[in-house]
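Single-structure report; data block below.
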Protein chains: 2
Amino acid sequence: MTTMSSALSPARRARPAAGARAGERAAHLLEHSRTLVRPALADAIGRLHPWVGEMAAYSLGWCEPGGAPVSPPAHGKGLRQALAVLGAEAAGAPQSAGVTAAVAVELVHTFSLLHDDIMDGDPTRRGRPTVWKAYGTGPAVLAGDALFALAVETLAAAPGADIPSAVRHLSTALNDLVRGQADDLLFESRPWTGPEAVRPDEYRAMAEHKTGALLGCATALGAMLAGAPRETVAALDRAGRHLGVAFQVVDDLLGIWGDPAVTGKPVHADLLRGKKTFPVLAALGTSAARPLARLLNSADPLDAADARRAASLIEDAGGRAAATAEAHRHIAVVDACLDSLPTTTGTGTGTTHGTRDARDARSTRSTDDLRALLDFLVRREM
Amino acid sequence: MTTMSSALSPARRARPAAGARAGERAAHLLEHSRTLVRPALADAIGRLHPWVGEMAAYSLGWCEPGGAPVSPPAHGKGLRQALAVLGAEAAGAPQSAGVTAAVAVELVHTFSLLHDDIMDGDPTRRGRPTVWKAYGTGPAVLAGDALFALAVETLAAAPGADIPSAVRHLSTALNDLVRGQADDLLFESRPWTGPEAVRPDEYRAMAEHKTGALLGCATALGAMLAGAPRETVAALDRAGRHLGVAFQVVDDLLGIWGDPAVTGKPVHADLLRGKKTFPVLAALGTSAARPLARLLNSADPLDAADARRAASLIEDAGGRAAATAEAHRHIAVVDACLDSLPTTTGTGTGTTHGTRDARDARSTRSTDDLRALLDFLVRREM
């Protein structure tokens, strides 16, 4: 597993004992959510056309091409479904109220991985061939579309509070996701320097759209379906969005200084591909950036030695430190959003979800759980 | 323009004078709907990321790659938007009530063309390069996703009656569309004969899902948003679904016996590609089908002379007549659905949409318009 602390060092290093306990609690929360959500998610996938359903199940790490079970399991952490379940709990509702939201966001996440892998031409994910590699580009496009439609159908058919608002929230996240992916693709052909260069604020908007919007939606949607007040929903959405930007920046840090054996990505892949990552953009904005700019602007594509030199120049120009500080700034906003959550949410759902006292106890515990999970994720590992 | 009468002959031939008048009325209804819907559709497209919005506008026939205006215009007929507008009117509401539904279904239709062209590897549409040919596969996947998300957002944000039902209706159509496309792709690798051969009822289900579901949704969604009674919505949906099957069968007929100069497709393309079209499936189900089966089952791919011989054998075995009869059967169901529509719809929207008498007059006129359009489309041209 990729540790975020190594990427964020030397600025910050968690205490090992506390880190181990936080890790256990986060792992427990993630596994608990996966177990809770799995039957409803499997039920949704089971409603798909069998061929398309197999591609979806393959993509979720549940089976091999042809349908045989996977051993060992190849599923992701299921962060988004955990956020949905904990978000519902933070609004004082039982976790089950977050299951519909969890299914919807997990389906959208799977759809976006499937289509992004086509757009980026990525041949592997979690050590297995991507869907377009295993089944072909056309079928992978189709499977993504099916997951997308299924997510909308799941949410539109949900029992609960204000369904039009929930569907609007999800479709806003989807629009943002597409917007972020468009910018990320276009950034690759923009120059490193000059008036057309990518600015840090453009990077932040891209990262918020591409990664943050769906994390925000995941965190907020469970609470929204459970009838949480507007301020709670907004605070949870904002926390998820800033979590997303922090994730993206840390991903950039790991892409340059992470251990390829741990990250699972080839060393310096982003640099070799000319990807506009935050550490490079930050370094190019400093007065020490001239040799880096010369190297990146050279007509020939970078080779491995160039990439090593670029990594060193980025660090010298302060790009690593600036990116680390940027990630910490967004983590601080996540913390502030969680601090702003009322312990008593007063959802007005007392008749269906038990007494007010029981709700308050659940709400307090789950805000703690949410904090534990986010803390662990943003501080310790991706 | 491709005339359906030639494909349906010798079984039926419309009277030329009546046909010309019906053609003028249908052309007027289509143009009127396009004019009515265009501002809202342009407004929706304008909310997209500029690059993605350009691909969407290109796909709609509004611009060239790079954004320059198209001359002459390259837009489609806009059948689905016309169905949505007339469906709303048939429910006694003003046409403007159907505009939101029209925008949503037109966005979904554009999304599905974009992604289908990738899956089918089609390089041209309406005489222009397809989006994946003009902009690349990855960008075309992204533009389709954006249109899909925009359709859902448009509908979820609509004013009006029961939005969750409307969103559910659209997502059911989307799921059906994916299911139909999956079957259509899988049919290509199934054998012509034996227990694994595609049965006519499997074909009908595929055609209803792939083509009928969105036509049904288009026809019903305007009425649904205008608050029409459930029976009206169901009858309009059913009419659109059967219209879709008739369309698909006629498309198959045109693919074999249509004039390539008129259809815009290479001669016998479906036969050369091994596509499981209705005339072939019907012919293979007869006792006269043995030489056809031998030809289709031969190990080598068909050449142009084989395809000509296959077309002749299909006609001899009764495949052309059977497909024509099949199309007529579905047209008869469309007629019956339209006949079942109440002239007084009693939507309960009298306060917003005028007096009951005015509503009834609108409803009667628009049911006539809807009938005129569908009659013309299914009987005269595609």
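Just remember, in the structure tokens the first chain shown is A, the second B, etc., residues are 1-based per chain, and ligands are 1-based in the order shown.
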Could you work out which residues of chain A fall inside 7 Å of chain B? Count only C-alpha atoms, and format the result as a list in words. His49, Ile118, Met119, Gly138, Leu142, Ala146, Ala149, Leu150, Val152, Glu153, Ala156, Ala157, Ile163, Pro164, Val167, Arg168, Ser171, Thr172, Leu174, Asn175, Val178 and Arg179 of chain A
Quick one, how far is CA of Val85 (chain A) from CA of Leu107 (chain A)?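 Interatomic distance, CA of Val85 (chain A) to CA of Leu107 (chain A): 14.7 Å.
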So which residues touch Val267 (chain B) within 8 Å, counting only C-alpha atoms, skipping near sequence neighbours fewer than 5 positions away, as a PyMOL selection string? chain B and resi 255-256+259-260
Save the residues we just selected, all heavy atoms, as a PDB file, in the first residue's frame?
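New file result_31.pdb:
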ATOM      1  N   GLY B 255     -31.153  -1.667 -46.210  1.00  0.00           N
ATOM      2  CA  GLY B 255     -29.754  -2.103 -46.262  1.00  0.00           C
ATOM      3  C   GLY B 255     -29.528  -3.160 -47.328  1.00  0.00           C
ATOM      4  O   GLY B 255     -28.402  -3.354 -47.791  1.00  0.00           O
ATOM      5  N   ILE B 256     -30.586  -3.870 -47.714  1.00  0.00           N
ATOM      6  CA  ILE B 256     -30.455  -4.905 -48.751  1.00  0.00           C
ATOM      7  C   ILE B 256     -31.011  -4.432 -50.091  1.00  0.00           C
ATOM      8  O   ILE B 256     -30.376  -4.580 -51.124  1.00  0.00           O
ATOM      9  CB  ILE B 256     -31.157  -6.215 -48.320  1.00  0.00           C
ATOM     10  CG1 ILE B 256     -30.598  -6.696 -46.966  1.00  0.00           C
ATOM     11  CG2 ILE B 256     -30.942  -7.312 -49.383  1.00  0.00           C
ATOM     12  CD1 ILE B 256     -31.237  -7.960 -46.422  1.00  0.00           C
ATOM     13  N   ASP B 259     -31.633   1.978 -52.319  1.00  0.00           N
ATOM     14  CA  ASP B 259     -30.693   2.557 -53.284  1.00  0.00           C
ATOM     15  C   ASP B 259     -29.539   3.209 -52.515  1.00  0.00           C
ATOM     16  O   ASP B 259     -29.763   4.163 -51.765  1.00  0.00           O
ATOM     17  CB  ASP B 259     -31.453   3.606 -54.112  1.00  0.00           C
ATOM     18  CG  ASP B 259     -30.531   4.314 -55.109  1.00  0.00           C
ATOM     19  OD1 ASP B 259     -29.316   4.031 -55.102  1.00  0.00           O
ATOM     20  OD2 ASP B 259     -31.049   5.152 -55.877  1.00  0.00           O
ATOM     21  N   PRO B 260     -28.305   2.702 -52.676  1.00  0.00           N
ATOM     22  CA  PRO B 260     -27.179   3.267 -51.906  1.00  0.00           C
ATOM     23  C   PRO B 260     -27.036   4.770 -52.093  1.00  0.00           C
ATOM     24  O   PRO B 260     -26.618   5.472 -51.176  1.00  0.00           O
ATOM     25  CB  PRO B 260     -25.961   2.537 -52.464  1.00  0.00           C
ATOM     26  CG  PRO B 260     -26.504   1.295 -53.084  1.00  0.00           C
ATOM     27  CD  PRO B 260     -27.877   1.625 -53.575  1.00  0.00           C
TER      28      PRO B 260
END
Quick one: DSSP alpha helix (DSSP H) residues in region 29-238 of chain A, as a count of residues only? 142
Which of region 94-185 of chain A DSSP labels strand (DSSP E), written as a PyMOL selection string: chain A and resi 124-125+128-129
Residues just named, written with N, CA and C atoms as an mmCIF file, in the first residue's frame:
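Result file again_11.cif:
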data_model
loop_
_atom_site.group_PDB
_atom_site.id
_atom_site.type_symbol
_atom_site.label_atom_id
_atom_site.label_comp_id
_atom_site.auth_asym_id
_atom_site.auth_seq_id
_atom_site.Cartn_x
_atom_site.Cartn_y
_atom_site.Cartn_z
ATOM 1 N N THR A 124 -3.188 -1.312 -17.711
ATOM 2 C CA THR A 124 -3.428 -2.085 -16.486
ATOM 3 C C THR A 124 -3.978 -1.191 -15.378
ATOM 4 N N ARG A 125 -4.715 -1.821 -14.456
ATOM 5 C CA ARG A 125 -5.222 -1.167 -13.252
ATOM 6 C C ARG A 125 -5.254 -2.214 -12.154
ATOM 7 N N ARG A 128 -4.107 -5.704 -13.100
ATOM 8 C CA ARG A 128 -4.835 -6.545 -14.064
ATOM 9 C C ARG A 128 -5.065 -5.722 -15.338
ATOM 10 N N PRO A 129 -5.276 -6.407 -16.479
ATOM 11 C CA PRO A 129 -5.599 -5.652 -17.695
ATOM 12 C C PRO A 129 -6.843 -4.798 -17.472
#
If we count only C-alpha atoms, what is near Ala97 (chain A) at a cut-off of 12 Å, once residues fewer than 3 positions away on the same chain are taken out, given as a ChimeraX atom specification? /A:36-37,40,84-94,100-103,158-161,221-228,349,352-353
Work out how far apart CA of Glu188 (chain B) and CA of Val108 (chain B) are and give it in Å to one decimal.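 Computing it gives 24.9 Å between the two atoms.
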Using only C-alpha atoms for the distances, tell me which of A:Ala22, A:Val99, A:Leu373, A:Leu29 is nearest to Leu41 (chain A).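 Between A:Ala22, A:Val99, A:Leu373, A:Leu29, the residue approaching Leu41 (chain A) most closely is A:Val99.
Of the residues listed (B:Pro229, B:Leu281, B:Ala220, B:Ala327), B:Leu281 shows the shortest atom-to-atom separation from Glu202 (chain B); distances use only C-alpha atoms.
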